[in-house]
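Source file final-v4.cif; content: mmCIF, C-alpha atoms.
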data_run
loop_
_atom_site.label_atom_id
_atom_site.label_comp_id
_atom_site.auth_asym_id
_atom_site.auth_seq_id
_atom_site.Cartn_x
_atom_site.Cartn_y
_atom_site.Cartn_z
CA MET A 1 -15.10 58.18 53.58
CA SER A 2 -15.49 55.36 51.05
CA ASP A 3 -16.23 51.86 52.32
CA LYS A 4 -14.53 50.39 49.25
CA PRO A 5 -12.12 47.62 50.34
CA VAL A 6 -8.51 48.72 49.96
CA VAL A 7 -7.38 45.08 49.74
CA ARG A 8 -9.30 42.68 47.53
CA THR A 9 -8.89 38.92 47.80
CA GLU A 10 -10.11 36.43 45.22
CA ILE A 11 -9.74 32.64 45.35
CA SER A 12 -10.06 30.80 42.04
CA VAL A 13 -11.48 27.31 41.70
CA ASN A 14 -7.97 25.92 41.27
CA GLY A 15 -6.71 27.40 44.55
CA VAL A 16 -4.87 30.46 43.21
CA VAL A 17 -5.40 33.36 45.62
CA THR A 18 -4.99 36.90 44.29
CA VAL A 19 -4.41 39.60 46.91
CA LEU A 20 -4.80 43.01 45.29
CA TRP A 21 -3.71 46.32 46.81
CA ASN A 22 -6.72 48.42 45.84
CA ARG A 23 -5.99 52.13 46.20
CA PRO A 24 -5.13 52.96 42.59
CA ASP A 25 -6.01 56.64 43.08
CA ARG A 26 -3.13 56.78 45.62
CA LYS A 27 -0.89 54.43 43.62
CA ASN A 28 -1.66 51.86 46.31
CA GLY A 29 0.04 53.87 49.01
CA LEU A 30 -0.07 52.02 52.32
CA ASN A 31 -2.35 53.19 55.11
CA LYS A 32 -3.71 51.61 58.29
CA ALA A 33 -6.79 50.19 56.57
CA MET A 34 -4.67 48.49 53.93
CA VAL A 35 -2.38 46.95 56.55
CA ASP A 36 -5.31 45.68 58.64
CA GLN A 37 -7.21 44.26 55.66
CA ALA A 38 -4.10 42.60 54.21
CA ILE A 39 -3.29 40.92 57.53
CA ASP A 40 -6.88 39.68 57.87
CA SER A 41 -6.80 38.38 54.31
CA LEU A 42 -3.50 36.50 54.66
CA GLU A 43 -4.48 35.00 58.01
CA ALA A 44 -7.67 33.70 56.36
CA VAL A 45 -5.62 32.25 53.50
CA TRP A 46 -3.30 30.53 56.01
CA ALA A 47 -6.31 28.80 57.59
CA ASN A 48 -7.93 27.74 54.30
CA ASP A 49 -6.76 24.38 52.92
CA ALA A 50 -8.34 25.20 49.54
CA CYS A 51 -5.64 27.84 48.97
CA ARG A 52 -2.53 26.57 47.18
CA VAL A 53 -0.60 29.62 45.94
CA VAL A 54 -0.83 33.39 46.46
CA VAL A 55 -0.29 36.19 43.94
CA LEU A 56 0.28 39.68 45.37
CA THR A 57 -0.25 42.61 43.01
CA GLY A 58 -1.54 46.16 42.76
CA ALA A 59 -4.53 47.72 41.04
CA GLY A 60 -3.91 50.34 38.38
CA SER A 61 -0.52 51.52 37.18
CA SER A 62 1.57 50.89 40.32
CA PHE A 63 2.32 48.02 42.66
CA CYS A 64 2.68 50.12 45.83
CA SER A 65 4.01 53.66 46.24
CA GLY A 66 5.07 53.04 49.84
CA MET A 67 3.64 54.63 52.95
CA ASP A 68 0.88 57.15 52.31
CA LEU A 69 2.41 60.02 54.28
CA SER A 70 -0.63 62.21 53.64
CA GLU A 71 -2.43 60.26 56.39
CA PRO A 72 -1.61 60.29 60.11
CA ILE A 73 0.32 57.35 61.53
CA GLU A 74 -2.06 55.68 63.98
CA PRO A 75 -2.11 54.97 66.86
CA ASP A 76 1.63 55.81 67.06
CA GLU A 77 4.76 55.18 65.01
CA MET A 78 6.02 52.11 66.87
CA THR A 79 2.68 50.31 67.00
CA PHE A 80 2.05 51.02 63.33
CA MET A 81 5.50 49.85 62.21
CA ARG A 82 5.22 46.64 64.20
CA ARG A 83 1.88 46.01 62.51
CA VAL A 84 3.48 46.71 59.12
CA GLY A 85 6.28 44.31 60.00
CA HIS A 86 3.73 41.65 60.93
CA LEU A 87 2.29 41.90 57.41
CA CYS A 88 5.74 41.26 55.92
CA THR A 89 6.32 38.34 58.29
CA LEU A 90 2.99 36.78 57.30
CA ILE A 91 4.01 36.84 53.64
CA HIS A 92 7.45 35.43 54.43
CA ASP A 93 6.15 32.67 56.71
CA LEU A 94 2.95 31.77 54.84
CA PRO A 95 3.10 27.99 54.21
CA LEU A 96 2.28 28.51 50.52
CA PRO A 97 4.34 29.84 47.62
CA VAL A 98 3.83 33.59 47.18
CA ILE A 99 4.37 35.22 43.78
CA THR A 100 4.64 39.00 43.63
CA LYS A 101 3.52 40.53 40.33
CA VAL A 102 4.93 44.04 39.90
CA ARG A 103 4.06 46.61 37.30
CA GLY A 104 4.88 50.28 37.65
CA GLY A 105 6.24 51.70 40.88
CA ALA A 106 7.23 49.66 43.91
CA ILE A 107 8.61 52.47 46.02
CA GLY A 108 10.02 52.57 49.56
CA TYR A 109 8.06 50.14 51.66
CA GLY A 110 6.38 48.99 48.43
CA ALA A 111 9.72 47.81 47.03
CA ASN A 112 10.45 45.63 50.05
CA LEU A 113 6.84 44.46 50.29
CA ALA A 114 7.29 43.10 46.77
CA LEU A 115 10.55 41.40 47.72
CA CYS A 116 8.84 39.58 50.62
CA GLY A 117 7.32 37.24 48.02
CA ASP A 118 9.01 33.93 47.29
CA LEU A 119 9.05 34.61 43.55
CA VAL A 120 9.06 38.16 42.19
CA VAL A 121 8.09 38.81 38.57
CA ALA A 122 8.12 42.34 37.18
CA GLY A 123 7.12 44.01 33.97
CA GLU A 124 9.57 46.22 32.12
CA SER A 125 7.72 49.27 33.46
CA ALA A 126 8.52 48.29 37.06
CA VAL A 127 10.73 50.47 39.25
CA PHE A 128 11.99 49.32 42.65
CA GLY A 129 12.72 52.51 44.57
CA GLU A 130 14.75 52.07 47.74
CA ILE A 131 14.38 55.78 48.44
CA PHE A 132 14.53 55.77 52.25
CA ALA A 133 17.76 57.75 52.61
CA GLU A 134 16.41 60.39 50.23
CA ARG A 135 13.51 60.94 52.65
CA GLY A 136 15.65 60.90 55.79
CA LEU A 137 14.16 57.53 56.76
CA SER A 138 15.53 54.15 57.81
CA ILE A 139 14.68 50.89 56.02
CA ASP A 140 11.41 49.04 56.55
CA GLY A 141 9.48 46.20 54.98
CA GLY A 142 12.20 43.66 55.69
CA GLY A 143 14.57 45.29 53.20
CA SER A 144 17.57 45.22 55.55
CA TRP A 145 17.27 41.42 55.65
CA LEU A 146 16.04 40.74 52.11
CA VAL A 147 18.18 42.91 49.87
CA PRO A 148 21.64 41.77 51.12
CA ARG A 149 20.58 38.15 50.71
CA LEU A 150 19.40 38.78 47.16
CA VAL A 151 22.23 40.90 45.78
CA GLY A 152 25.03 40.79 48.37
CA LEU A 153 25.98 43.23 51.11
CA GLY A 154 28.06 45.58 48.96
CA ARG A 155 25.38 46.03 46.30
CA ALA A 156 22.71 46.36 49.00
CA LYS A 157 24.64 49.24 50.61
CA GLU A 158 25.01 50.91 47.22
CA ILE A 159 21.27 50.64 46.57
CA MET A 160 20.26 51.85 50.02
CA PHE A 161 22.87 54.57 50.57
CA LEU A 162 22.24 56.12 47.15
CA ALA A 163 18.44 55.79 47.36
CA SER A 164 18.50 53.91 44.07
CA ARG A 165 15.62 53.42 41.69
CA VAL A 166 16.18 50.05 40.05
CA SER A 167 14.33 49.28 36.82
CA GLY A 168 12.66 45.93 36.28
CA SER A 169 15.32 44.84 33.80
CA GLU A 170 18.17 45.94 36.12
CA ALA A 171 16.51 44.13 39.03
CA GLY A 172 16.35 40.93 36.97
CA GLU A 173 19.99 41.21 35.89
CA MET A 174 21.32 41.72 39.43
CA GLY A 175 19.15 38.98 40.96
CA LEU A 176 17.00 41.31 43.04
CA ILE A 177 13.94 39.66 41.44
CA ASN A 178 13.36 36.37 39.65
CA ARG A 179 12.19 37.55 36.23
CA CYS A 180 11.52 40.70 34.23
CA VAL A 181 9.18 40.27 31.27
CA ALA A 182 7.45 42.56 28.81
CA ASP A 183 4.50 44.35 30.38
CA GLU A 184 2.06 42.73 27.97
CA GLU A 185 3.36 39.28 28.95
CA LEU A 186 3.31 39.81 32.72
CA ASP A 187 -0.19 38.51 33.49
CA ALA A 188 0.18 35.37 31.38
CA PHE A 189 3.64 34.60 32.76
CA VAL A 190 2.50 34.88 36.40
CA ASP A 191 -0.70 32.93 35.66
CA ALA A 192 1.37 30.06 34.25
CA TRP A 193 3.64 29.93 37.30
CA ALA A 194 0.67 30.21 39.67
CA VAL A 195 -1.22 27.33 38.02
CA ARG A 196 1.91 25.18 37.99
CA LEU A 197 2.47 25.77 41.71
CA ALA A 198 -1.22 25.28 42.51
CA ASP A 199 -1.02 21.88 40.81
CA GLY A 200 2.08 21.02 42.83
CA PRO A 201 2.44 19.17 46.13
CA ARG A 202 1.02 21.60 48.71
CA ARG A 203 2.63 19.99 51.75
CA ALA A 204 6.04 19.43 50.12
CA LEU A 205 6.21 23.00 48.81
CA SER A 206 5.44 24.29 52.30
CA VAL A 207 8.33 22.30 53.78
CA ILE A 208 10.69 23.36 50.98
CA LYS A 209 9.82 27.02 51.58
CA ARG A 210 10.44 26.69 55.31
CA GLN A 211 13.78 24.95 54.74
CA LEU A 212 15.03 27.54 52.25
CA ASN A 213 13.91 30.47 54.40
CA ALA A 214 15.98 29.10 57.27
CA SER A 215 19.04 28.30 55.16
CA PHE A 216 21.15 31.36 56.05
CA GLU A 217 20.57 30.90 59.77
CA ARG A 218 21.44 27.18 59.91
CA SER A 219 24.74 25.39 59.97
CA PHE A 220 25.26 22.72 57.32
CA ALA A 221 24.78 20.05 59.99
CA ASP A 222 21.49 21.60 61.10
CA ALA A 223 20.29 21.78 57.49
CA ILE A 224 21.13 18.11 56.95
CA GLU A 225 19.19 17.14 60.08
CA ALA A 226 16.18 19.27 59.07
CA GLU A 227 16.24 17.65 55.63
CA ALA A 228 16.36 14.18 57.19
CA VAL A 229 13.29 14.91 59.30
CA GLY A 230 11.44 16.52 56.41
CA GLN A 231 12.20 13.73 53.98
CA ALA A 232 11.39 10.95 56.44
CA LEU A 233 7.94 12.48 56.89
CA ALA A 234 7.61 13.10 53.16
CA PHE A 235 8.22 9.43 52.35
CA ARG A 236 5.12 8.60 54.41
CA SER A 237 2.90 11.21 52.78
CA THR A 238 0.15 10.72 50.21
CA GLU A 239 1.95 13.24 47.98
CA SER A 240 5.05 11.07 47.88
CA ARG A 241 3.01 7.96 47.09
CA GLU A 242 1.20 9.79 44.29
CA GLY A 243 4.54 11.03 42.94
CA ALA A 244 5.86 7.48 42.83
CA ARG A 245 2.71 6.13 41.16
CA ALA A 246 2.91 8.86 38.55
CA PHE A 247 6.59 8.13 37.88
CA PHE A 248 6.08 4.42 37.36
CA GLY A 249 2.86 5.02 35.43
CA LYS A 250 4.64 7.51 33.16
CA ARG A 251 2.02 10.20 33.76
CA PRO A 252 1.90 13.64 35.43
CA PRO A 253 1.22 13.47 39.18
CA ASP A 254 -2.20 14.51 40.46
CA PHE A 255 -1.28 16.14 43.76
CA ARG A 256 -4.75 17.67 44.10
CA SER A 257 -6.09 14.21 44.87
CA CYS A 258 -3.82 13.86 47.90
#

Can you turn what I pasted into structure tokens?
Amino acid sequence: MSDKPVVRTEISVNGVVTVLWNRPDRKNGLNKAMVDQAIDSLEAVWANDACRVVVLTGAGSSFCSGMDLSEPIEPDEMTFMRRVGHLCTLIHDLPLPVITKVRGGAIGYGANLALCGDLVVAGESAVFGEIFAERGLSIDGGGSWLVPRLVGLGRAKEIMFLASRVSGSEAGEMGLINRCVADEELDAFVDAWAVRLADGPRRALSVIKRQLNASFERSFADAIEAEAVGQALAFRSTESREGARAFFGKRPPDFRSC
């Protein structure tokens, strides 16, 4: 058995973290080792203040082909699926912006793993395959929560019931993802967004992410109160002071100095 890491993590000097699913010979099909390594990687990113934005992507021609059903589910189905769910929750709750970069297939669990990102950018070759019903399976990867919020309940039922394969361009048009770009432009487009976010206010972006993630579960009154608390603390932060100095000095803010 190869000791090659099935998840590779690289942190650039500007704080952009790339987490790469690294089983290209299996189209990045998910197995226990990938789940364990991805969780370890994201927990390390969470604890590292040098990290400012995360890019999730896949090696080779596919993002993730879903569960690798050629391998046994260990130690049992329930334990494994809870571990898989923990990986999705880490991505969703990570106090940093997460960009998912998708080329090729994002199938089954891989489709919903991609949608766990805060911003999803796909190349024209991308296919989001919600093929669970076709395999006699239920939904996983957070898809039952994510997809209705992205495209509405009726469209979500259509996609899931009919085991739809949604192209990158179709996904962009229906709002399932943020952007679909030409395959040859995908890397540059994501790099530009990642650098822009890495240069942004780390603390403020974390609070904004938390507020938006909670928006469908809060009443308007609760949202207003959470905003009041968040903004009161923000006014006292070094990021806010730097933002004000930059505004009055008519220059771009340097949030990295905060």

Residue with the minimum atom-to-atom distance to Ser206 (chain A), picked from A:Gly230, A:Val17, A:Arg251, A:Asn22 with only C-alpha atoms counted, is A:Gly230

Find the residues around Lys32 (chain A) up to 12 Å (only C-alpha atoms counted), leave out those fewer than 3 positions away in its own chain, and share them as a PyMOL selection string.
chain A and resi 6-7+29+35-39+67-77+79-84+87

Take the selection from the previous step and output its residues with C-alpha atoms, as an mmCIF file, in the frame of the given file.
data_model
loop_
_atom_site.group_PDB
_atom_site.id
_atom_site.type_symbol
_atom_site.label_atom_id
_atom_site.label_comp_id
_atom_site.auth_asym_id
_atom_site.auth_seq_id
_atom_site.Cartn_x
_atom_site.Cartn_y
_atom_site.Cartn_z
ATOM 1 C CA VAL A 6 -8.510 48.720 49.960
ATOM 2 C CA VAL A 7 -7.380 45.080 49.740
ATOM 3 C CA GLY A 29 0.040 53.870 49.010
ATOM 4 C CA VAL A 35 -2.380 46.950 56.550
ATOM 5 C CA ASP A 36 -5.310 45.680 58.640
ATOM 6 C CA GLN A 37 -7.210 44.260 55.660
ATOM 7 C CA ALA A 38 -4.100 42.600 54.210
ATOM 8 C CA ILE A 39 -3.290 40.920 57.530
ATOM 9 C CA MET A 67 3.640 54.630 52.950
ATOM 10 C CA ASP A 68 0.880 57.150 52.310
ATOM 11 C CA LEU A 69 2.410 60.020 54.280
ATOM 12 C CA SER A 70 -0.630 62.210 53.640
ATOM 13 C CA GLU A 71 -2.430 60.260 56.390
ATOM 14 C CA PRO A 72 -1.610 60.290 60.110
ATOM 15 C CA ILE A 73 0.320 57.350 61.530
ATOM 16 C CA GLU A 74 -2.060 55.680 63.980
ATOM 17 C CA PRO A 75 -2.110 54.970 66.860
ATOM 18 C CA ASP A 76 1.630 55.810 67.060
ATOM 19 C CA GLU A 77 4.760 55.180 65.010
ATOM 20 C CA THR A 79 2.680 50.310 67.000
ATOM 21 C CA PHE A 80 2.050 51.020 63.330
ATOM 22 C CA MET A 81 5.500 49.850 62.210
ATOM 23 C CA ARG A 82 5.220 46.640 64.200
ATOM 24 C CA ARG A 83 1.880 46.010 62.510
ATOM 25 C CA VAL A 84 3.480 46.710 59.120
ATOM 26 C CA LEU A 87 2.290 41.900 57.410
#

Spatial neighbours of region 134-149 of chain A, 8 Å, only C-alpha atoms, chain gap at least 2 places, as an MDAnalysis selection string:
chainID A and resid 84:85 88 108:110 112:113 115:116 131:132 151:156 162:163 176

(1.5, 52.5, 49.1) in this file's frame - what residues fall within 9 Å of it? Use all atoms listed in the file and give the answer as a short mmCIF file (atom, residue, chain, number, x, y, z; two decimals) with C-alpha atoms, keeping the file's coordinate frame.
data_model
loop_
_atom_site.label_atom_id
_atom_site.label_comp_id
_atom_site.auth_asym_id
_atom_site.auth_seq_id
_atom_site.Cartn_x
_atom_site.Cartn_y
_atom_site.Cartn_z
CA TRP A 21 -3.71 46.32 46.81
CA ARG A 23 -5.99 52.13 46.20
CA ARG A 26 -3.13 56.78 45.62
CA LYS A 27 -0.89 54.43 43.62
CA ASN A 28 -1.66 51.86 46.31
CA GLY A 29 0.04 53.87 49.01
CA LEU A 30 -0.07 52.02 52.32
CA ASN A 31 -2.35 53.19 55.11
CA MET A 34 -4.67 48.49 53.93
CA SER A 62 1.57 50.89 40.32
CA PHE A 63 2.32 48.02 42.66
CA CYS A 64 2.68 50.12 45.83
CA SER A 65 4.01 53.66 46.24
CA GLY A 66 5.07 53.04 49.84
CA MET A 67 3.64 54.63 52.95
CA ASP A 68 0.88 57.15 52.31
CA ALA A 106 7.23 49.66 43.91
CA ILE A 107 8.61 52.47 46.02
CA GLY A 108 10.02 52.57 49.56
CA TYR A 109 8.06 50.14 51.66
CA GLY A 110 6.38 48.99 48.43
#

Assuming the chain letters and numbering stay as they are in my file, what does the PyMOL selection byres ((chain A and resi 9) around 12) actually select? List them as an MDAnalysis selection string.
chainID A and resid 5:8 10:12 16:22 37:45 51 54:59

Could you tell me how far CA of Val229 (chain A) lies from CA of Leu119 (chain A), in Å and to one decimal?
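Going from CA of Val229 (chain A) over to CA of Leu119 (chain A) covers 25.6 Å.
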
Surrounding residues of Thr238 (chain A) excluding itself and chain neighbours under 4 positions, 9 Å, all atoms listed in the file, as a PyMOL selection string:
chain A and resi 234+242-243+255+257-258

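Once Glu184 (chain A) and its same-chain neighbours fewer than 4 positions away are set aside, Arg103, Ala122, Gly123, Glu124, Ser125, Cys180, Ala188, Phe189 and Val190 of chain A remain within 12 Å of it when counting all atoms listed in the file.
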
What is the distance, in Å and to one decimal place, between CA of Gln231 (chain A) and CA of Gly117 (chain A)?
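Taking CA of Gln231 (chain A) as the start and CA of Gly117 (chain A) as the end point, the length is 24.7 Å.
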
Point-to-point distance from CA of Asp118 (chain A) to CA of Pro97 (chain A), Å rounded to tenths
6.2 Å

Which residue is closest to Trp193 (chain A)? Choose from A:Arg165, A:Ile91, A:Ile99, A:Ala47 and count all atoms listed in the file.
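Ranked by minimum distance to Trp193 (chain A), first place goes to A:Ile99.
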
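Among A:Phe220, A:Leu150, A:Leu212, A:Gly104, the residue with the shortest atom-to-atom distance to Ser167 (chain A), counting only C-alpha atoms, is A:Gly104.
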
First collect every listed atom of region 6-15 of chain A; then fit an axis-aligned box around them, widen it by 8 Å on each side, and give centre and edge lengths in Å to one decimal, as lines of an AutoDock Vina configuration file.
center_x = -9.1
center_y = 37.3
center_z = 45.6
size_x = 20.8
size_y = 38.8
size_z = 24.7

Considering all atoms listed in the file, can you say which of A:Gly129, A:Ala192, A:Asn14, A:Ala33 comes closest to Phe161 (chain A)?
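Comparing A:Gly129, A:Ala192, A:Asn14, A:Ala33 against Phe161 (chain A), the winner is A:Gly129.
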